[in-house]
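A short worksheet on the structure shown next.
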Amino acid sequence: MTPKPSPGDHALALFGFERFAYFRRVAEAAVREAGIHPGLRFRILEHRPEEMFAHKDQPDIHGVIAPFLEPKHMDWFLSRNTRVILFSSRMPPEQIPAGVGWIRADDLAIGEAAAHHFERMGLSHTAFFGVEGLQYSELRAQGFREALNNMDSPRGHSCECKKGNTALKDFLTTLPRPCGIFCSDDSHARSLLTAAIQLGFSVPEDFAVIGVDHDLILSELSPLRLSSVIPDAETLGQRAVQELARCFREDDMPGGLRELVSPKGIHYDESAPYYHSVDPTVARALQWMEHHLADPVSIDDLARACAASRRNLEYLFKKHLDQGPYQQLLHMRLHLAKRLLRHSQKNMTDIAEACGFTNAREFSVRFKDKTGQTPSQYREGS
């Protein structure tokens, strides 16, 4: 029996484009995770496999993490028993060869998050701006559209443009206002935002704009800072390396890795603020809540974070949202729970913890009281 290679023999390659914030976060998390596994280290960080093949002293590579690989490159790695994990949705799952693992952002859930934010802003007119034929763009548009169709509130005009920047002027001038526009990524959001302001429109009064990636550079280079859905890129990089470490340890292939990772949430900024029509103190409170849904926080904690008295905070919530801070926090926690029930395989205990409930029983009681269904019934019907 051939002995397994020692951990020190395991060199990794990572392919992608560092100009994209999404890739940088995947790469940084992967490199950090590799550092805690003895013997794992990255030998190659390149744009494409061709650049690796061009090295005169081409090293032996045992594991590859890439957004996408062409079939010829996939075959080359697999023929050498190299473990391969893909982390983008460019290639449909049914086209990925057996033995190749994948973990990717849940693009349907990303679109859903944008739709619910526009609903929160009170916008009935909505639009999508992306690229036709690009898998992640199509999936995000689908998740956005399906979430809008499933909302209880009446919907206004909805439109999609997938022709890229060449269609921006005609697209914007035909939209009703006010309108929430979800863009497939921050690059498209920046282009759309720039065009809208050049045409004399106001943001977010005429058009509220949401991108994807939370790219700080693109946001700062935009006329207004971007609101953006945040994919959990760090989990993609971390889990990819963990799976490769497992494969090396157990002499296995990563073909069993098939995971969708829910987005972290939304970064709210000038292009589509959390609640642009309410009191600034309430808006600050709502954003603070959004980032502390899993924590055992009190209304006093919330008041201190907003530099307001508890009494004044409760008055402002009742005035602007027609409910108190605790009721709003519960609503937000249950909304997160619904998303996790639909888009993750987490068990009830983990979902309860992620949503700030004491235990699974409390979560189940609260959920059924508000929705008329148990969490399991809701998951089965989704």
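Each chain of the structure tokens is named A, B, ... in the order shown, its residues numbered from 1; ligands are numbered from 1 in display order.
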So which residues touch A:Leu329 within 7 Å, counting only C-alpha atoms, skipping near sequence neighbours fewer than 4 positions away, as a compact mmCIF listing (two decimals) with N, CA and C atoms, in the first residue's frame?
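Below is the file out.txt, written as the result:
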```txt
# COMPACT_ATOMS: atom_id res chain seq x y z
N MET A 289 -29.56 47.09 15.12
CA MET A 289 -30.28 45.83 15.29
C MET A 289 -29.84 44.80 14.25
N PRO A 325 -39.47 49.01 19.83
CA PRO A 325 -38.19 48.44 19.41
C PRO A 325 -38.13 46.92 19.56
N ARG A 333 -35.57 39.32 13.49
CA ARG A 333 -35.02 38.00 13.78
C ARG A 333 -35.80 36.90 13.07
```
Per-residue nearest contacts of stretch 142-193 of chain A to stretch 118-136 of chain A (6 Å; only C-alpha atoms) as JSON lines:
```
{"residue": "A:Arg155", "atom": "CA", "partner": "A:Ser124", "partner_atom": "CA", "distance": 5.1}
{"residue": "A:Gly156", "atom": "CA", "partner": "A:His125", "partner_atom": "CA", "distance": 4.8}
{"residue": "A:His157", "atom": "CA", "partner": "A:His125", "partner_atom": "CA", "distance": 4.8}
{"residue": "A:Ser158", "atom": "CA", "partner": "A:Thr126", "partner_atom": "CA", "distance": 4.9}
{"residue": "A:Cys159", "atom": "CA", "partner": "A:Ala127", "partner_atom": "CA", "distance": 4.6}
{"residue": "A:Glu160", "atom": "CA", "partner": "A:Phe128", "partner_atom": "CA", "distance": 4.7}
{"residue": "A:Cys161", "atom": "CA", "partner": "A:Phe129", "partner_atom": "CA", "distance": 5.0}
{"residue": "A:Lys162", "atom": "CA", "partner": "A:Val131", "partner_atom": "CA", "distance": 4.3}
{"residue": "A:Lys163", "atom": "CA", "partner": "A:Val131", "partner_atom": "CA", "distance": 5.7}
{"residue": "A:Gly164", "atom": "CA", "partner": "A:Val131", "partner_atom": "CA", "distance": 5.6}
{"residue": "A:Cys179", "atom": "CA", "partner": "A:His125", "partner_atom": "CA", "distance": 4.8}
{"residue": "A:Gly180", "atom": "CA", "partner": "A:Thr126", "partner_atom": "CA", "distance": 4.6}
{"residue": "A:Ile181", "atom": "CA", "partner": "A:Ala127", "partner_atom": "CA", "distance": 4.6}
{"residue": "A:Phe182", "atom": "CA", "partner": "A:Phe128", "partner_atom": "CA", "distance": 4.8}
{"residue": "A:Cys183", "atom": "CA", "partner": "A:Phe129", "partner_atom": "CA", "distance": 4.7}
{"residue": "A:Ser184", "atom": "CA", "partner": "A:Gly130", "partner_atom": "CA", "distance": 5.0}
```
Using the selection just defined, write its residues with N, CA and C atoms as a tab-separated table (two decimals), in the first residue's frame.
```
chain	number	residue	atom	x	y	z
A	155	ARG	N	-47.52	45.13	-5.65
A	155	ARG	CA	-46.33	45.51	-6.39
A	155	ARG	C	-46.67	46.49	-7.49
A	156	GLY	N	-45.76	47.39	-7.76
A	156	GLY	CA	-45.92	48.32	-8.86
A	156	GLY	C	-45.22	47.81	-10.10
A	157	HIS	N	-44.67	48.72	-10.86
A	157	HIS	CA	-43.97	48.38	-12.10
A	157	HIS	C	-42.65	47.68	-11.78
A	158	SER	N	-42.29	46.66	-12.56
A	158	SER	CA	-41.01	45.98	-12.41
A	158	SER	C	-40.38	45.79	-13.78
A	159	CYS	N	-39.08	45.97	-13.87
A	159	CYS	CA	-38.41	45.94	-15.17
A	159	CYS	C	-37.04	45.30	-15.01
A	160	GLU	N	-36.53	44.67	-16.06
A	160	GLU	CA	-35.20	44.09	-16.07
A	160	GLU	C	-34.43	44.56	-17.29
A	161	CYS	N	-33.16	44.89	-17.09
A	161	CYS	CA	-32.28	45.24	-18.19
A	161	CYS	C	-31.00	44.43	-18.04
A	162	LYS	N	-30.69	43.60	-19.04
A	162	LYS	CA	-29.50	42.75	-18.97
A	162	LYS	C	-28.57	43.01	-20.16
A	163	LYS	N	-28.56	44.26	-20.62
A	163	LYS	CA	-27.74	44.61	-21.78
A	163	LYS	C	-26.48	45.39	-21.40
A	164	GLY	N	-26.22	45.53	-20.10
A	164	GLY	CA	-25.00	46.21	-19.69
A	164	GLY	C	-25.07	47.72	-19.86
A	179	CYS	N	-38.01	54.40	-7.62
A	179	CYS	CA	-37.79	53.01	-8.04
A	179	CYS	C	-36.54	52.47	-7.36
A	180	GLY	N	-36.60	51.23	-6.89
A	180	GLY	CA	-35.44	50.56	-6.34
A	180	GLY	C	-34.78	49.72	-7.41
A	181	ILE	N	-33.51	49.93	-7.68
A	181	ILE	CA	-32.80	49.20	-8.73
A	181	ILE	C	-31.74	48.31	-8.10
A	182	PHE	N	-31.87	47.02	-8.32
A	182	PHE	CA	-30.90	46.03	-7.85
A	182	PHE	C	-29.95	45.72	-8.99
A	183	CYS	N	-28.66	45.89	-8.74
A	183	CYS	CA	-27.63	45.64	-9.75
A	183	CYS	C	-26.89	44.35	-9.42
A	184	SER	N	-26.47	43.64	-10.46
A	184	SER	CA	-25.88	42.31	-10.26
A	184	SER	C	-24.59	42.34	-9.46
```
Distance table requested - stretch 74-184 of chain A against stretch 337-357 of chain A, cut-off 12 Å, only C-alpha atoms: one row per qualifying residue with the closest atom pair and its distance in Å to one decimal, ordered by chain and rising residue number, as a Markdown table.
```
| residue | atom | partner | partner_atom | distance |
| --- | --- | --- | --- | --- |
| A:Ala105 | CA | A:His343 | CA | 10.7 |
| A:Asp106 | CA | A:His343 | CA | 7.6 |
| A:Asp107 | CA | A:His343 | CA | 10.2 |
| A:Leu108 | CA | A:His343 | CA | 8.6 |
| A:Ala109 | CA | A:His343 | CA | 6.9 |
| A:Ile110 | CA | A:His343 | CA | 10.4 |
| A:Gly111 | CA | A:Arg339 | CA | 11.8 |
| A:Glu112 | CA | A:Arg339 | CA | 8.8 |
| A:Ala113 | CA | A:Arg339 | CA | 8.8 |
| A:His116 | CA | A:Arg339 | CA | 10.8 |
| A:Gly143 | CA | A:His343 | CA | 11.3 |
| A:Ala147 | CA | A:Arg339 | CA | 11.0 |
```
Contacts of A:Glu234 within 9 Å, only C-alpha atoms, excl. fewer than 5 positions in-chain, as a list in words:
Tyr22, Arg25, Val26, Ala27, Glu28, Ala29, Ala30 and Arg239 of chain A
Could you save the residues just selected, with C-alpha atoms, as a compact mmCIF listing (two decimals), in the first residue's frame?
```
# COMPACT_ATOMS: atom_id res chain seq x y z
CA TYR A 22 -15.09 39.31 -3.72
CA ARG A 25 -11.91 38.17 0.48
CA VAL A 26 -12.08 34.53 -0.65
CA ALA A 27 -8.30 34.50 -1.11
CA GLU A 28 -7.51 36.16 2.22
CA ALA A 29 -9.75 33.73 4.12
CA ALA A 30 -8.22 30.77 2.26
CA ARG A 239 -14.50 25.95 3.81
```
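Proximity of A:Trp76, A:Phe42, A:Trp102, A:Phe17 to A:Gly256, computed with only C-alpha atoms, is greatest for A:Trp102.
Near stretch 365-372 of chain A, within 9 Å and counting only C-alpha atoms, sit Leu330, His331, Leu334, Ala337, Ala360, Arg361 and Tyr378 of chain A, not including residues fewer than 4 positions from it in the same chain.
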Among stretch 127-246 of chain A, which residues does DSSP mark as strand (DSSP E) when it is run on the backbone? Keep the chain and numbering as in the structure and answer as a VMD selection string.
chain A and resid 127 to 129 158 to 161 179 to 183 207 to 212 227 to 230
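Among A:Gln373, A:Pro93, A:His188, A:Met332, the residue with the shortest atom-to-atom distance to A:His292, counting only C-alpha atoms, is A:Met332.
With only C-alpha atoms as the atoms that count, the residue of A:Ala196, A:Ala115, A:Ile299, A:Leu226 with the shortest distance to A:Leu175 is A:Ala196.
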